[in-house]
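Structure data (compact mmCIF, C-alpha atoms) from upload05.txt:
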# COMPACT_ATOMS: atom_id res chain seq x y z
CA MET X 1 -21.81 -1.56 -7.55
CA PHE X 2 -20.66 0.67 -10.35
CA MET X 3 -17.09 1.19 -11.47
CA THR X 4 -15.53 4.65 -11.37
CA GLN X 5 -12.34 5.87 -12.96
CA PHE X 6 -9.88 8.22 -11.27
CA ALA X 7 -6.88 6.94 -13.25
CA GLN X 8 -5.23 10.34 -13.10
CA TRP X 9 -4.50 9.70 -9.38
CA ASP X 10 -2.98 6.23 -9.89
CA GLN X 11 0.48 7.59 -10.72
CA TYR X 12 0.73 9.00 -7.19
CA MET X 13 -0.22 5.79 -5.37
CA LEU X 14 3.39 4.57 -5.05
CA CYS X 15 5.46 7.27 -3.39
CA ASP X 16 8.80 8.23 -4.92
CA ALA X 17 10.57 7.64 -1.58
CA PRO X 18 13.23 4.90 -1.53
CA ILE X 19 12.68 1.35 -0.32
CA GLU X 20 14.13 0.88 3.18
CA ASN X 21 15.46 -2.29 4.77
CA VAL X 22 14.17 -2.71 8.33
CA GLN X 23 16.28 -4.13 11.12
CA ALA X 24 16.00 -5.06 14.77
CA GLY X 25 19.08 -5.74 16.86
CA GLY X 26 21.24 -5.25 13.77
CA VAL X 27 19.42 -8.00 11.83
CA VAL X 28 17.41 -7.12 8.72
CA TYR X 29 13.99 -8.77 8.82
CA ALA X 30 11.94 -6.79 6.27
CA TYR X 31 11.87 -4.00 3.72
CA GLN X 32 9.29 -1.24 3.33
CA PHE X 33 7.98 1.36 0.92
CA ARG X 34 5.24 3.99 1.01
CA ILE X 35 1.90 4.31 -0.75
CA HIS X 36 -0.60 7.14 -0.99
CA TYR X 37 -4.39 6.83 -1.24
CA PRO X 38 -5.18 7.28 -4.96
CA THR X 39 -8.07 9.74 -5.02
CA TYR X 40 -8.75 13.27 -3.90
CA ARG X 41 -10.37 12.19 -0.59
CA GLY X 42 -9.39 9.83 2.20
CA THR X 43 -11.24 6.65 3.15
CA PHE X 44 -11.89 4.11 5.88
CA LEU X 45 -9.60 1.08 5.61
CA SER X 46 -12.66 -1.20 5.48
CA CYS X 47 -13.40 0.26 2.03
CA ILE X 48 -10.30 -1.43 0.60
CA GLU X 49 -11.78 -4.53 -1.02
CA ASP X 50 -8.54 -5.88 -2.48
CA ILE X 51 -4.91 -4.83 -2.31
CA TRP X 52 -1.80 -6.67 -3.41
CA PHE X 53 1.80 -6.01 -4.33
CA GLU X 54 4.42 -7.29 -6.75
CA VAL X 55 8.16 -6.74 -6.51
CA ASP X 56 10.21 -7.49 -9.63
CA GLY X 57 7.21 -9.23 -11.21
CA GLU X 58 6.57 -11.62 -8.30
CA ARG X 59 3.45 -11.32 -6.18
CA VAL X 60 4.22 -10.73 -2.50
CA PRO X 61 2.26 -13.22 -0.34
CA ASP X 62 -0.41 -11.35 1.66
CA GLU X 63 0.67 -12.98 4.92
CA LYS X 64 4.13 -11.34 4.58
CA VAL X 65 2.71 -7.81 4.28
CA TRP X 66 2.05 -5.36 7.11
CA PHE X 67 -0.05 -2.28 6.29
CA MET X 68 1.09 0.51 8.62
CA LEU X 69 -0.92 3.69 9.15
CA ASN X 70 -1.77 6.06 12.01
CA GLY X 71 0.98 4.55 14.19
CA LYS X 72 -0.58 1.06 13.92
CA GLN X 73 0.14 -2.02 11.84
CA PHE X 74 -2.35 -4.41 10.29
CA LEU X 75 -2.35 -7.58 8.24
CA LEU X 76 -4.02 -7.18 4.86
CA SER X 77 -6.68 -9.68 5.98
CA GLU X 78 -7.67 -7.28 8.81
CA LEU X 79 -8.41 -4.26 6.61
CA GLU X 80 -12.02 -5.24 5.83
CA ASP X 81 -12.93 -4.92 9.54
CA LEU X 82 -11.30 -1.51 10.12
CA PHE X 83 -14.36 0.71 9.63
CA GLN X 84 -13.13 3.21 12.24
CA GLU X 85 -9.56 3.50 10.93
CA TYR X 86 -9.33 6.42 8.51
CA TRP X 87 -6.68 6.96 5.83
CA TRP X 88 -6.36 10.73 5.53
CA ILE X 89 -5.50 12.03 2.09
CA ARG X 90 -2.25 13.65 3.26
CA ASP X 91 -0.94 10.54 5.05
CA ASP X 92 1.17 7.84 3.43
CA ALA X 93 0.79 4.22 4.46
CA VAL X 94 3.95 2.17 4.96
CA ILE X 95 3.94 -1.27 3.38
CA ARG X 96 6.34 -3.55 5.27
CA VAL X 97 7.27 -6.86 3.64
CA VAL X 98 8.74 -9.53 5.91
CA ASN X 99 11.85 -10.80 4.13
CA LEU X 100 14.76 -12.03 6.25
CA GLU X 101 17.29 -11.13 3.56
CA GLY X 102 16.05 -7.62 2.85
CA LEU X 103 17.06 -6.09 -0.48
CA ALA X 104 20.57 -5.10 -1.55
CA ALA X 105 21.38 -1.48 -0.70
CA GLY X 106 21.43 0.71 -3.81
CA SER X 107 19.62 -1.87 -5.97
CA GLU X 108 16.58 -0.94 -8.07
CA HIS X 109 13.30 -2.86 -7.97
CA GLU X 110 10.08 -2.62 -9.94
CA VAL X 111 7.22 -2.30 -7.46
CA HIS X 112 3.56 -2.67 -8.45
CA VAL X 113 0.52 -2.00 -6.27
CA HIS X 114 -3.08 -2.92 -7.12
CA MET X 115 -6.03 -1.67 -5.10
CA GLN X 116 -9.78 -2.10 -5.48
CA HIS X 117 -11.63 0.23 -3.14
CA ARG X 118 -15.16 1.43 -2.51
CA ILE X 119 -15.78 5.15 -2.60
CA PRO X 120 -17.69 5.56 0.70
CA TYR X 121 -19.61 8.71 -0.17
CA THR X 122 -21.19 7.12 -3.28
CA GLY X 123 -23.50 4.66 -1.48
CA TYR X 124 -26.75 6.02 -2.79
CA GLU X 125 -29.65 3.55 -3.03
CA GLY X 126 -27.39 0.71 -1.91
CA GLU X 127 -24.81 0.94 -4.70
CA TYR X 128 -21.24 2.07 -4.15
CA GLY X 129 -18.73 3.29 -6.68
CA VAL X 130 -15.71 1.03 -6.85
CA GLU X 131 -12.33 2.20 -8.09
CA ILE X 132 -9.54 -0.02 -9.38
CA SER X 133 -6.12 1.59 -9.12
CA ASP X 134 -2.76 0.31 -10.37
CA CYS X 135 0.68 1.85 -10.20
CA THR X 136 4.15 0.57 -11.10
CA LYS X 137 7.42 2.38 -10.37
CA THR X 138 11.09 1.55 -10.14
CA LEU X 139 12.35 2.33 -6.64
CA THR X 140 15.88 2.26 -5.25
CA VAL X 141 16.83 0.71 -1.91
CA LYS X 142 18.21 3.23 0.59
CA GLN X 143 21.82 2.66 1.65
CA GLU X 144 21.22 2.42 5.40
CA ALA X 145 18.58 0.29 7.12
CA VAL X 146 16.03 1.79 9.53
Full structure transcribed into structure tokens:
Amino acid sequence: MFMTQFAQWDQYMLCDAPIENVQAGGVVYAYQFRIHYPTYRGTFLSCIEDIWFEVDGERVPDEKVWFMLNGKQFLLSELEDLFQEYWWIRDDAVIRVVNLEGLAAGSEHEVHVHMQHRIPYTGYEGEYGVEISDCTKTLTVKQEAV
């Protein structure tokens, strides 16, 4: 393994779209935000070695996070097995956090995402390039729930 550095792409990893509360039957059960793959190419989800999130300085427990892409949803613990699920460079993933209270409409929150991911086309002679990406942004919660 060798470490690579594409830090110039990190600033785009968290999308500037608002946080959205998610409801079913009129009851809020989660909130969600969007992320973008932080390099100039896409990747297979199995190449994500580590990914985690913080909201307002508190780590979000992995078991409360759904990673949604290509019309499907996955637990973070499932990503390592998804060698046929591709994250195209132009597609945003939705990160849904189960939280029965949601977040107050109009409020601002500091969101941080950390990702360690293998660069799949660098696997020459058994060694892959590994990128560590971090991004923090302040996002506002949309007024109406989805």
Worksheet item: Residues at most 10 Å from segment 85-97 of chain X, counting only C-alpha atoms, excluding those fewer than 6 positions away in the same chain, as a ChimeraX atom specification?
Response: /X:13-15,19-22,29-47,53,60-74,79
Item to complete: Would you mind listing what lies within 6 Å of Leu139 of chain X as a PyMOL selection string, with all atoms listed in the file counted and same-chain residues fewer than 3 positions away left out?
Response: chain X and resi 18+108-109
Got time to write the residues from that selection, C-alpha atoms, as a PDB file, in the coordinates of the input?
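As a result, part-v4.pdb now contains:
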ATOM      1  CA  PRO X  18      13.230   4.900  -1.530  1.00  0.00           C
ATOM      2  CA  GLU X 108      16.580  -0.940  -8.070  1.00  0.00           C
ATOM      3  CA  HIS X 109      13.300  -2.860  -7.970  1.00  0.00           C
TER       4      HIS X 109
END
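Here atom CA of Asp56 of chain X stands at a distance of 6.4 Å from atom CA of Val111 of chain X.
Considering the residues X:Thr138, X:Ile132, X:Leu76, X:Glu101 and counting only C-alpha atoms, Ala17 of chain X has its shortest atom-to-atom contact with X:Thr138.
Between atom CA of Leu103 of chain X and atom CA of Lys137 of chain X the separation is 16.2 Å.
Using only C-alpha atoms, the smallest distance between any of X:Glu144, X:Glu127, X:Asp134, X:Glu49 and Tyr12 of chain X comes from X:Asp134.
One finds atom CA of His114 of chain X at 13.0 Å from atom CA of Glu58 of chain X.
Here the question is which of X:Thr140, X:Ala105, X:Ala145, X:Asp10 gets nearest to Val28 of chain X using only C-alpha atoms, and that residue is X:Ala145.
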Practice prompt. Go through X:Gln143, X:Thr136, X:Phe83, X:Tyr128 one by one, measure the shortest atom-to-atom distance of each to Val113 of chain X using all atoms listed in the file, and give the residue with the smallest value.
Written response: X:Thr136
